[in-house]
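What's in structure_28.tsv: TSV, C-alpha atoms and all ligand atoms
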```tsv
chain	number	residue	atom	x	y	z
A	1	MET	CA	-6.00	-15.27	-15.26
A	2	GLY	CA	-6.19	-16.98	-11.89
A	3	ILE	CA	-4.69	-14.53	-9.41
A	4	LEU	CA	-4.09	-14.97	-5.70
A	5	VAL	CA	-4.27	-11.71	-3.74
A	6	THR	CA	-2.91	-11.90	-0.20
A	7	GLY	CA	-4.36	-9.22	2.07
A	8	GLY	CA	-7.26	-8.83	-0.33
A	9	ALA	CA	-9.64	-7.87	2.50
A	10	GLY	CA	-7.50	-4.85	3.38
A	11	TYR	CA	-7.64	-1.30	2.04
A	12	ILE	CA	-5.52	-1.57	-1.10
A	13	GLY	CA	-6.21	-5.29	-1.60
A	14	SER	CA	-9.96	-4.70	-1.68
A	15	VAL	CA	-9.72	-2.11	-4.45
A	16	LEU	CA	-7.18	-4.22	-6.34
A	17	THR	CA	-9.43	-7.29	-6.16
A	18	GLU	CA	-12.38	-5.27	-7.46
A	19	GLU	CA	-10.33	-3.95	-10.39
A	20	LEU	CA	-8.89	-7.39	-11.24
A	21	MET	CA	-12.41	-8.82	-11.32
A	22	LYS	CA	-13.52	-6.01	-13.64
A	23	GLU	CA	-10.71	-7.03	-16.00
A	24	GLY	CA	-12.09	-10.56	-16.06
A	25	HIS	CA	-9.50	-12.22	-13.81
A	26	SER	CA	-10.55	-14.90	-11.39
A	27	VAL	CA	-9.41	-13.85	-7.93
A	28	ILE	CA	-8.71	-15.81	-4.79
A	29	VAL	CA	-8.23	-13.67	-1.70
A	30	ILE	CA	-6.37	-14.96	1.30
A	31	ASP	CA	-6.53	-12.85	4.41
A	32	ASN	CA	-6.34	-13.73	8.09
A	33	LEU	CA	-8.92	-10.97	8.71
A	34	SER	CA	-6.88	-9.64	11.64
A	35	ARG	CA	-7.05	-6.19	10.05
A	36	GLY	CA	-9.08	-6.83	6.91
A	37	HIS	CA	-12.86	-6.98	6.57
A	38	ARG	CA	-15.03	-9.65	4.96
A	39	GLU	CA	-17.26	-6.87	3.61
A	40	ALA	CA	-14.26	-5.46	1.75
A	41	VAL	CA	-13.94	-8.48	-0.54
A	42	ALA	CA	-15.67	-7.87	-3.88
A	43	ALA	CA	-18.56	-10.19	-4.71
A	44	GLY	CA	-17.36	-13.01	-6.93
A	45	ALA	CA	-13.87	-13.17	-5.44
A	46	HIS	CA	-13.21	-16.30	-3.41
A	47	LEU	CA	-12.18	-15.35	0.14
A	48	ILE	CA	-10.19	-17.95	2.05
A	49	PRO	CA	-9.61	-16.79	5.63
A	50	VAL	CA	-6.15	-18.17	6.30
A	51	ASP	CA	-2.90	-16.95	7.82
A	52	LEU	CA	0.26	-16.99	5.70
A	53	GLY	CA	1.97	-18.65	8.65
A	54	ASP	CA	-0.10	-21.77	7.97
A	55	ALA	CA	2.07	-23.56	5.38
A	56	PRO	CA	-0.14	-26.70	5.01
A	57	ALA	CA	-3.20	-24.53	4.36
A	58	LEU	CA	-1.26	-22.53	1.75
A	59	ASN	CA	-0.21	-25.73	0.00
A	60	ASN	CA	-3.83	-26.86	-0.13
A	61	ILE	CA	-4.91	-23.58	-1.67
A	62	PHE	CA	-2.26	-23.83	-4.39
A	63	ARG	CA	-3.10	-27.50	-4.98
A	64	ARG	CA	-6.83	-26.94	-5.35
A	65	ASN	CA	-6.95	-23.74	-7.38
A	66	LYS	CA	-5.67	-22.60	-10.73
A	67	ILE	CA	-3.32	-19.79	-9.73
A	68	GLU	CA	-1.04	-18.22	-12.33
A	69	ALA	CA	0.29	-15.21	-10.43
A	70	VAL	CA	0.38	-13.89	-6.88
A	71	MET	CA	-0.09	-10.33	-5.65
A	72	HIS	CA	1.26	-10.14	-2.14
A	73	LEU	CA	-0.19	-7.31	-0.08
A	74	ALA	CA	-0.74	-8.96	3.31
A	75	ALA	CA	1.42	-7.13	5.85
A	76	TYR	CA	1.47	-5.12	9.02
A	77	THR	CA	1.85	-1.46	8.10
A	78	SER	CA	2.08	0.67	11.23
A	79	VAL	CA	5.44	2.41	11.53
A	80	GLU	CA	4.85	3.23	15.18
A	81	GLN	CA	3.90	-0.31	16.16
A	82	SER	CA	6.81	-1.73	14.15
A	83	MET	CA	9.26	0.18	16.37
A	84	LYS	CA	7.72	-1.29	19.51
A	85	GLU	CA	7.21	-4.84	18.26
A	86	PRO	CA	9.87	-5.53	15.60
A	87	GLY	CA	9.55	-9.31	15.89
A	88	LYS	CA	5.92	-9.16	14.87
A	89	TYR	CA	6.85	-7.19	11.74
A	90	PHE	CA	9.70	-9.43	10.62
A	91	GLN	CA	7.55	-12.48	11.35
A	92	ASN	CA	4.55	-11.29	9.39
A	93	ASN	CA	6.18	-9.24	6.64
A	94	VAL	CA	9.18	-11.49	5.99
A	95	VAL	CA	8.78	-15.01	7.42
A	96	CYS	CA	5.16	-15.37	6.26
A	97	GLY	CA	6.24	-14.08	2.84
A	98	VAL	CA	8.89	-16.82	2.67
A	99	ASN	CA	6.16	-19.39	3.41
A	100	LEU	CA	4.23	-17.99	0.48
A	101	LEU	CA	7.25	-18.22	-1.84
A	102	GLU	CA	7.94	-21.81	-0.79
A	103	ALA	CA	4.34	-22.77	-1.54
A	104	MET	CA	4.61	-21.02	-4.91
A	105	LEU	CA	7.79	-22.91	-5.77
A	106	ARG	CA	6.24	-26.22	-4.79
A	107	HIS	CA	3.37	-25.58	-7.21
A	108	ASN	CA	5.39	-23.98	-10.01
A	109	ILE	CA	3.88	-20.53	-9.71
A	110	GLY	CA	6.56	-18.24	-11.09
A	111	ARG	CA	5.31	-14.66	-10.81
A	112	ILE	CA	4.72	-12.41	-7.83
A	113	VAL	CA	3.91	-8.71	-7.52
A	114	PHE	CA	4.95	-7.45	-4.09
A	115	SER	CA	3.52	-4.48	-2.26
A	116	SER	CA	6.56	-2.51	-1.10
A	117	THR	CA	6.89	1.04	0.13
A	118	ALA	CA	8.71	4.37	-0.10
A	119	ALA	CA	9.75	3.67	3.50
A	120	VAL	CA	12.61	1.58	2.05
A	121	TYR	CA	14.40	4.88	1.28
A	122	GLY	CA	14.26	6.32	4.80
A	123	GLU	CA	15.25	9.99	4.92
A	124	PRO	CA	16.10	10.72	1.26
A	125	GLU	CA	19.18	12.70	0.30
A	126	LYS	CA	17.28	14.29	-2.57
A	127	VAL	CA	13.78	14.41	-4.05
A	128	PRO	CA	12.22	13.29	-6.33
A	129	ILE	CA	13.39	9.84	-5.29
A	130	SER	CA	14.37	7.37	-7.99
A	131	GLU	CA	14.69	3.62	-7.44
A	132	ASP	CA	18.49	3.94	-7.47
A	133	SER	CA	18.48	6.17	-4.38
A	134	PRO	CA	20.13	4.75	-1.27
A	135	LEU	CA	18.01	2.19	0.56
A	136	LYS	CA	18.27	3.20	4.21
A	137	PRO	CA	15.01	2.54	6.02
A	138	VAL	CA	14.70	4.36	9.33
A	139	ASN	CA	11.98	2.17	10.79
A	140	VAL	CA	11.27	-1.51	11.22
A	141	TYR	CA	8.30	-1.43	8.86
A	142	GLY	CA	10.44	-0.10	5.98
A	143	ASP	CA	13.23	-2.52	6.77
A	144	SER	CA	10.86	-5.49	6.84
A	145	LYS	CA	9.63	-4.55	3.34
A	146	LEU	CA	13.19	-4.04	2.07
A	147	THR	CA	14.23	-7.37	3.56
A	148	PHE	CA	11.48	-9.11	1.64
A	149	GLU	CA	12.58	-7.35	-1.56
A	150	ARG	CA	16.02	-8.88	-0.95
A	151	VAL	CA	14.43	-12.29	-0.39
A	152	LEU	CA	12.68	-11.93	-3.75
A	153	HIS	CA	15.95	-10.96	-5.43
A	154	TRP	CA	17.66	-14.13	-4.18
A	155	TYR	CA	14.70	-16.37	-5.01
A	156	ALA	CA	14.82	-14.97	-8.54
A	157	LYS	CA	18.53	-15.88	-8.75
A	158	ALA	CA	18.14	-19.31	-7.17
A	159	TYR	CA	14.88	-20.51	-8.70
A	160	GLY	CA	14.08	-18.26	-11.63
A	161	LEU	CA	11.11	-16.75	-9.80
A	162	GLU	CA	9.99	-13.47	-11.41
A	163	TYR	CA	9.01	-10.59	-9.13
A	164	ILE	CA	8.00	-6.96	-9.35
A	165	ALA	CA	8.24	-4.86	-6.18
A	166	LEU	CA	5.94	-1.83	-6.25
A	167	ARG	CA	7.12	0.88	-3.89
A	168	TYR	CA	4.00	2.80	-2.96
A	169	PHE	CA	4.26	6.41	-1.84
A	170	ASN	CA	1.24	7.77	0.13
A	171	VAL	CA	-1.76	5.78	-1.03
A	172	ALA	CA	-5.08	7.51	-0.47
A	173	GLY	CA	-8.62	7.81	-1.84
A	174	ALA	CA	-11.23	5.14	-2.43
A	175	SER	CA	-13.22	3.43	-5.14
A	176	SER	CA	-16.97	3.93	-4.98
A	177	ARG	CA	-17.27	0.73	-2.93
A	178	PHE	CA	-14.05	0.19	-1.02
A	179	GLY	CA	-11.94	2.49	1.11
A	180	ALA	CA	-9.61	2.77	4.10
A	181	ASP	CA	-10.85	1.32	7.39
A	182	HIS	CA	-7.97	0.93	9.84
A	183	HIS	CA	-8.26	0.81	13.60
A	184	PRO	CA	-6.48	2.85	14.71
A	185	GLU	CA	-6.14	5.01	11.59
A	186	THR	CA	-2.81	6.82	11.35
A	187	ASN	CA	-2.79	8.12	7.75
A	188	LEU	CA	-3.42	11.77	7.09
A	189	ILE	CA	-6.15	11.75	4.43
A	190	PRO	CA	-8.54	9.29	6.15
A	191	ILE	CA	-8.09	11.26	9.37
A	192	VAL	CA	-8.70	14.57	7.58
A	193	VAL	CA	-11.98	13.34	6.08
A	194	ARG	CA	-13.08	11.96	9.45
A	195	ALA	CA	-12.39	15.36	10.96
A	196	ALA	CA	-14.38	16.97	8.13
A	197	LEU	CA	-17.32	14.70	8.96
A	198	GLY	CA	-17.09	15.39	12.69
A	199	GLU	CA	-16.01	11.81	13.52
A	200	ILE	CA	-12.84	13.33	14.98
A	201	GLU	CA	-12.98	16.59	16.93
A	202	CYS	CA	-9.64	17.99	15.96
A	203	LEU	CA	-6.89	17.04	13.52
A	204	PRO	CA	-3.37	16.83	14.97
A	205	VAL	CA	-0.71	18.38	12.73
A	206	PHE	CA	2.57	16.68	13.56
A	207	GLY	CA	5.25	19.35	13.32
A	208	THR	CA	5.28	22.81	11.74
A	209	ASP	CA	9.04	23.36	11.99
A	210	TYR	CA	10.28	21.26	9.06
A	211	ASP	CA	12.45	22.85	6.41
A	212	THR	CA	9.57	23.16	3.93
A	213	GLY	CA	7.56	26.14	2.65
A	214	ASP	CA	4.95	26.12	5.43
A	215	GLY	CA	6.94	24.01	7.90
A	216	THR	CA	4.80	20.86	7.52
A	217	CYS	CA	5.87	17.60	5.88
A	218	ILE	CA	5.51	17.08	2.16
A	219	ARG	CA	4.20	13.81	0.73
A	220	ASP	CA	3.30	12.39	-2.67
A	221	TYR	CA	-0.33	11.21	-2.52
A	222	ILE	CA	-1.35	8.57	-5.04
A	223	HIS	CA	-4.90	7.36	-5.71
A	224	VAL	CA	-5.60	3.78	-4.68
A	225	LEU	CA	-7.15	3.17	-8.12
A	226	ASP	CA	-3.81	4.12	-9.71
A	227	ILE	CA	-2.07	1.67	-7.40
A	228	ALA	CA	-4.49	-1.04	-8.59
A	229	GLY	CA	-3.75	-0.03	-12.19
A	230	ALA	CA	-0.01	-0.43	-11.56
A	231	HIS	CA	-0.54	-4.04	-10.47
A	232	MET	CA	-2.28	-4.72	-13.76
A	233	ALA	CA	0.59	-3.02	-15.62
A	234	ALA	CA	3.04	-5.18	-13.64
A	235	LEU	CA	1.33	-8.35	-14.87
A	236	GLU	CA	1.88	-7.11	-18.41
A	237	GLY	CA	5.40	-6.07	-17.45
A	238	PHE	CA	6.38	-9.68	-16.84
A	239	ASN	CA	5.42	-10.49	-20.43
A	240	LYS	CA	7.59	-7.61	-21.65
A	241	GLY	CA	10.62	-8.82	-19.69
A	242	LYS	CA	10.37	-6.05	-17.10
A	243	GLY	CA	10.35	-8.30	-14.05
A	244	ASN	CA	12.90	-8.59	-11.27
A	245	SER	CA	12.88	-4.91	-10.53
A	246	ALA	CA	11.38	-2.36	-8.16
A	247	TYR	CA	9.15	0.51	-9.30
A	248	ASN	CA	8.12	3.69	-7.52
A	249	LEU	CA	4.44	4.53	-7.58
A	250	GLY	CA	3.59	8.15	-6.92
A	251	ASN	CA	2.33	11.26	-8.71
A	252	GLY	CA	5.68	13.00	-8.80
A	253	GLU	CA	4.20	15.96	-6.95
A	254	GLY	CA	4.34	16.83	-3.27
A	255	PHE	CA	1.80	18.47	-0.98
A	256	SER	CA	2.36	19.67	2.56
A	257	VAL	CA	0.12	18.60	5.43
A	258	MET	CA	-1.35	22.12	5.51
A	259	GLU	CA	-2.02	22.02	1.75
A	260	VAL	CA	-3.86	18.73	2.19
A	261	ILE	CA	-5.98	20.26	4.95
A	262	GLU	CA	-6.73	23.39	2.89
A	263	THR	CA	-7.73	21.26	-0.11
A	264	ALA	CA	-9.95	19.11	2.11
A	265	ARG	CA	-11.65	22.25	3.47
A	266	LYS	CA	-12.43	23.32	-0.11
A	267	VAL	CA	-13.64	19.89	-1.19
A	268	THR	CA	-15.82	19.21	1.85
A	269	GLY	CA	-16.87	22.72	2.85
A	270	ALA	CA	-16.05	21.79	6.46
A	271	ASP	CA	-13.90	23.79	8.91
A	272	ILE	CA	-11.55	20.96	9.94
A	273	PRO	CA	-10.18	22.28	13.23
A	274	VAL	CA	-6.49	21.54	13.71
A	275	LYS	CA	-4.18	21.30	16.69
A	276	ILE	CA	-0.45	21.88	16.22
A	277	CYS	CA	1.45	19.01	17.84
A	278	PRO	CA	5.12	18.05	18.12
A	279	ARG	CA	6.79	16.15	15.28
A	280	ARG	CA	5.96	12.46	14.95
A	281	PRO	CA	9.22	10.54	15.37
A	282	GLY	CA	10.69	9.18	12.14
A	283	ASP	CA	8.77	11.42	9.69
A	284	PRO	CA	11.04	12.55	6.81
A	285	ALA	CA	10.42	16.16	5.73
A	286	ARG	CA	9.85	15.38	2.03
A	287	LEU	CA	8.95	12.25	0.07
A	288	ILE	CA	8.24	12.66	-3.63
A	289	ALA	CA	8.44	9.89	-6.21
A	290	ASP	CA	10.29	9.84	-9.47
A	291	TYR	CA	8.08	7.30	-11.25
A	292	ASN	CA	9.81	7.37	-14.64
A	293	ARG	CA	10.88	3.75	-14.42
A	294	ALA	CA	7.26	2.59	-14.05
A	295	LYS	CA	6.29	4.89	-16.91
A	296	ASP	CA	9.06	3.74	-19.24
A	297	HIS	CA	9.06	0.02	-18.43
A	298	LEU	CA	5.49	-0.73	-17.40
A	299	GLY	CA	3.70	1.95	-19.39
A	300	TRP	CA	2.02	3.07	-16.17
A	301	GLN	CA	1.12	6.57	-15.20
A	302	PRO	CA	-1.35	7.98	-12.72
A	303	GLN	CA	-4.83	8.68	-14.07
A	304	HIS	CA	-6.36	10.23	-10.95
A	305	SER	CA	-3.63	12.59	-9.87
A	306	ALA	CA	-5.59	15.66	-8.72
A	307	LEU	CA	-5.37	15.94	-4.93
A	308	GLU	CA	-8.97	17.25	-4.89
A	309	ASP	CA	-10.20	14.04	-6.53
A	310	ILE	CA	-8.21	11.83	-4.18
A	311	ILE	CA	-9.59	13.60	-1.12
A	312	LYS	CA	-13.11	13.74	-2.54
A	313	SER	CA	-13.22	10.00	-3.14
A	314	ALA	CA	-12.02	9.33	0.44
A	315	TRP	CA	-14.62	11.75	1.78
A	316	LEU	CA	-17.49	10.22	-0.21
A	317	TRP	CA	-16.49	6.74	0.96
A	318	GLN	CA	-16.27	7.84	4.59
A	319	LYS	CA	-19.67	9.52	4.38
A	320	LYS	CA	-21.16	6.22	3.17
A	321	HIS	CA	-19.32	4.22	5.84
A	322	PRO	CA	-19.28	6.26	9.04
A	323	GLY	CA	-17.24	4.31	11.56
A	324	GLY	CA	-16.08	1.87	8.85
A	325	TYR	CA	-17.30	-1.49	7.53
A	326	ASP	CA	-18.15	-3.02	10.88
A	327	ALA	CA	-19.97	-0.06	12.43
A	328	GLY	CA	-23.49	-0.82	13.57
A	329	ARG	CA	-23.01	-4.58	13.41
B	401	LIG	N1	0.07	13.59	9.76
B	401	LIG	C1	-0.45	14.59	10.57
B	401	LIG	N2	-1.55	14.30	11.33
B	401	LIG	C2	-2.13	13.06	11.34
B	401	LIG	C3	-1.61	12.05	10.49
B	401	LIG	C4	-0.49	12.37	9.72
B	401	LIG	O1	0.06	15.70	10.62
B	401	LIG	O2	-3.12	12.87	12.07
B	401	LIG	C5	1.25	13.89	8.92
B	401	LIG	C6	2.44	12.99	9.19
B	401	LIG	O3	3.21	13.50	10.24
B	401	LIG	C7	3.15	13.05	7.84
B	401	LIG	C8	2.01	13.20	6.83
B	401	LIG	O4	0.88	13.66	7.58
B	401	LIG	O5	3.95	14.19	7.77
B	401	LIG	C9	1.63	11.90	6.15
B	401	LIG	O6	1.49	10.91	7.16
B	401	LIG	P1	0.84	9.50	6.88
B	401	LIG	O7	0.77	8.77	8.20
B	401	LIG	O8	-0.44	9.67	6.14
B	401	LIG	O9	1.85	8.79	5.90
B	401	LIG	P2	3.43	8.49	6.00
B	401	LIG	O10	4.08	9.49	5.12
B	401	LIG	O11	3.84	8.59	7.43
B	401	LIG	O12	3.54	7.11	5.45
```
Please, can you express the file's structure as structure tokens?
Ligand code: UDP
Amino acid sequence: MGILVTGGAGYIGSVLTEELMKEGHSVIVIDNLSRGHREAVAAGAHLIPVDLGDAPALNNIFRRNKIEAVMHLAAYTSVEQSMKEPGKYFQNNVVCGVNLLEAMLRHNIGRIVFSSTAAVYGEPEKVPISEDSPLKPVNVYGDSKLTFERVLHWYAKAYGLEYIALRYFNVAGASSRFGADHHPETNLIPIVVRAALGEIECLPVFGTDYDTGDGTCIRDYIHVLDIAGAHMAALEGFNKGKGNSAYNLGNGEGFSVMEVIETARKVTGADIPVKICPRRPGDPARLIADYNRAKDHLGWQPQHSALEDIIKSAWLWQKKHPGGYDAGR
């Protein structure tokens, strides 16, 4: 199939593109390269460096290429930055997405898989979290993703567009070739492996006074390869009439920050010095996915669920890419 991946030069997009190519799809990546990396685009995929704000350029891309479905991952993803610069987040994560939908409509492309997030739930009333839980984002990032889910819902009603929103929990790990390279990095597992490799002196632990077993926050870590697999399952899902819905993607199991650090110490053999810091604003105590809907409707379930394997893959990738893709250039 001809598939357009927006944000295909980013962390998840790079692994997704690689996996789509392995399945024999022909992939066009569009990415403005503001946070993505040319080196992260798998050989054979066609990278077009363009911003989703550029409607004429988008129209040209749809006119010139055989595109049958879109996977929309391009977005800003920093919770902290979103609180300081909300306009930037609504512009990029919502308005640019609307540009994309308009271009799709103009060229009769009817299917889109959207990269959403567990942040749409905010502070959950109970865990595991199912898709029917209240949608109450507590930060701009989560609200921008939820807003675009609503846009998709109304485009489906108005134009018959089919969408699947995949609500990722904590994506981590790497393929053998592509991994996380954010500047600055804010996610726990990439920071833990950098600390294990001595790239970071000391790992901050944000809060040890949560109402959890060891006082640190609990998250559901899901391998990036499983996230890629869910996009493939979503494509099939459209054919089975499972579109126009949102699906949680997680392992259904939670680990505390301290458990992640302990596991990383075992996997890497490194000390990983930590520093106890105050809570990071806006961090819910517990986020764990109920992924039964994805299992029942899309036939998806995680294949790489062991936390050791997730951390190991991130560590191996970081060892091969000290300082990231651009280091040493
Ligand atoms: N965290 C931490 N130190 C760090 C980065 C993250 O203690 O250097 C904690 C963070 O407070 C949260 C958990 O690790 O409780 C997961 O954070 P991450 O940013 O990876 O994902 P989030 O759940 O915020 O999307």
Of the residues A:Ile218, A:Ala75, A:Val50, A:Leu235, which is the one nearest to ligand LIG 401 (chain B), using all atoms listed in the file?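 Smallest separation from ligand LIG 401 (chain B) among the options: A:Ile218.
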Would you give me, as a tab-separated table, each residue of chain A having an atom within 8 Å of an atom of ligand LIG 401 (chain B), along with its shortest atom pair and that distance in Å to one decimal, using only C-alpha atoms and all ligand atoms and sorting by chain and residue number?
```
residue	atom	partner	partner_atom	distance
A:Val79	CA	B:LIG401	O11	7.6
A:Ala119	CA	B:LIG401	O12	7.4
A:Phe169	CA	B:LIG401	O12	7.4
A:Asn170	CA	B:LIG401	O12	5.8
A:Thr186	CA	B:LIG401	O7	5.2
A:Asn187	CA	B:LIG401	O8	3.2
A:Leu188	CA	B:LIG401	O8	3.8
A:Ile189	CA	B:LIG401	O8	6.3
A:Ile191	CA	B:LIG401	O2	5.9
A:Val192	CA	B:LIG401	O2	7.4
A:Leu203	CA	B:LIG401	O2	5.8
A:Pro204	CA	B:LIG401	N2	4.8
A:Val205	CA	B:LIG401	O1	3.5
A:Phe206	CA	B:LIG401	O1	4.0
A:Gly207	CA	B:LIG401	O1	6.9
A:Thr216	CA	B:LIG401	O5	6.7
A:Cys217	CA	B:LIG401	O5	4.3
A:Ile218	CA	B:LIG401	O5	6.5
A:Arg219	CA	B:LIG401	O10	6.2
A:Ser256	CA	B:LIG401	O5	7.7
A:Val257	CA	B:LIG401	O4	5.4
A:Arg279	CA	B:LIG401	O3	6.7
A:Arg280	CA	B:LIG401	O3	5.6
A:Asp283	CA	B:LIG401	O5	5.9
A:Pro284	CA	B:LIG401	O5	7.3
A:Ala285	CA	B:LIG401	O5	7.1
A:Leu287	CA	B:LIG401	O10	7.5
```
Output the selection as a PDB file, in the frame of the given file - C-alpha atoms for each residue.
```pdb
ATOM      1  CA  VAL A  79       5.440   2.410  11.530  1.00  0.00           C
ATOM      2  CA  ALA A 119       9.750   3.670   3.500  1.00  0.00           C
ATOM      3  CA  PHE A 169       4.260   6.410  -1.840  1.00  0.00           C
ATOM      4  CA  ASN A 170       1.240   7.770   0.130  1.00  0.00           C
ATOM      5  CA  THR A 186      -2.810   6.820  11.350  1.00  0.00           C
ATOM      6  CA  ASN A 187      -2.790   8.120   7.750  1.00  0.00           C
ATOM      7  CA  LEU A 188      -3.420  11.770   7.090  1.00  0.00           C
ATOM      8  CA  ILE A 189      -6.150  11.750   4.430  1.00  0.00           C
ATOM      9  CA  ILE A 191      -8.090  11.260   9.370  1.00  0.00           C
ATOM     10  CA  VAL A 192      -8.700  14.570   7.580  1.00  0.00           C
ATOM     11  CA  LEU A 203      -6.890  17.040  13.520  1.00  0.00           C
ATOM     12  CA  PRO A 204      -3.370  16.830  14.970  1.00  0.00           C
ATOM     13  CA  VAL A 205      -0.710  18.380  12.730  1.00  0.00           C
ATOM     14  CA  PHE A 206       2.570  16.680  13.560  1.00  0.00           C
ATOM     15  CA  GLY A 207       5.250  19.350  13.320  1.00  0.00           C
ATOM     16  CA  THR A 216       4.800  20.860   7.520  1.00  0.00           C
ATOM     17  CA  CYS A 217       5.870  17.600   5.880  1.00  0.00           C
ATOM     18  CA  ILE A 218       5.510  17.080   2.160  1.00  0.00           C
ATOM     19  CA  ARG A 219       4.200  13.810   0.730  1.00  0.00           C
ATOM     20  CA  SER A 256       2.360  19.670   2.560  1.00  0.00           C
ATOM     21  CA  VAL A 257       0.120  18.600   5.430  1.00  0.00           C
ATOM     22  CA  ARG A 279       6.790  16.150  15.280  1.00  0.00           C
ATOM     23  CA  ARG A 280       5.960  12.460  14.950  1.00  0.00           C
ATOM     24  CA  ASP A 283       8.770  11.420   9.690  1.00  0.00           C
ATOM     25  CA  PRO A 284      11.040  12.550   6.810  1.00  0.00           C
ATOM     26  CA  ALA A 285      10.420  16.160   5.730  1.00  0.00           C
ATOM     27  CA  LEU A 287       8.950  12.250   0.070  1.00  0.00           C
TER      28      LEU A 287
END
```
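Using all atoms listed in the file, the shortest contact distance between Ser82 of chain A and any of A:Arg177, A:Lys319, A:His182, A:Lys145 is found at A:Lys145.
Between atom CA of Glu23 of chain A and atom CA of Thr117 of chain A lies a distance of 25.2 Å.
Nearest-residue note for Asp51 of chain A: choosing from A:Gly179, A:Gly13, A:Gly250, A:Gly7, the minimum distance belongs to A:Gly7, counting all atoms listed in the file.
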Determine the axis-aligned bounding box of all atoms of segment 286-301 of chain A present in the file, pad each side by 6 Å, and express its centre and edge lengths in Å to one decimal place as AutoDock Vina command-line options.
```
--center_x 6.0 --center_y 7.3 --center_z -8.7 --size_x 21.8 --size_y 28.1 --size_z 33.4
```
Counting all atoms listed in the file, which residues have an atom no more than 7 Å from (-8.3, -11.2, -8.1) in the file's coordinates? Please list them as a list of chain:residue names.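 Result, sorted by chain then residue number: A:Ile3, A:Leu4, A:Val5, A:Thr17, A:Leu20, A:Met21, A:His25, A:Ser26, A:Val27, A:Ile28, A:Val29, A:Ala45.
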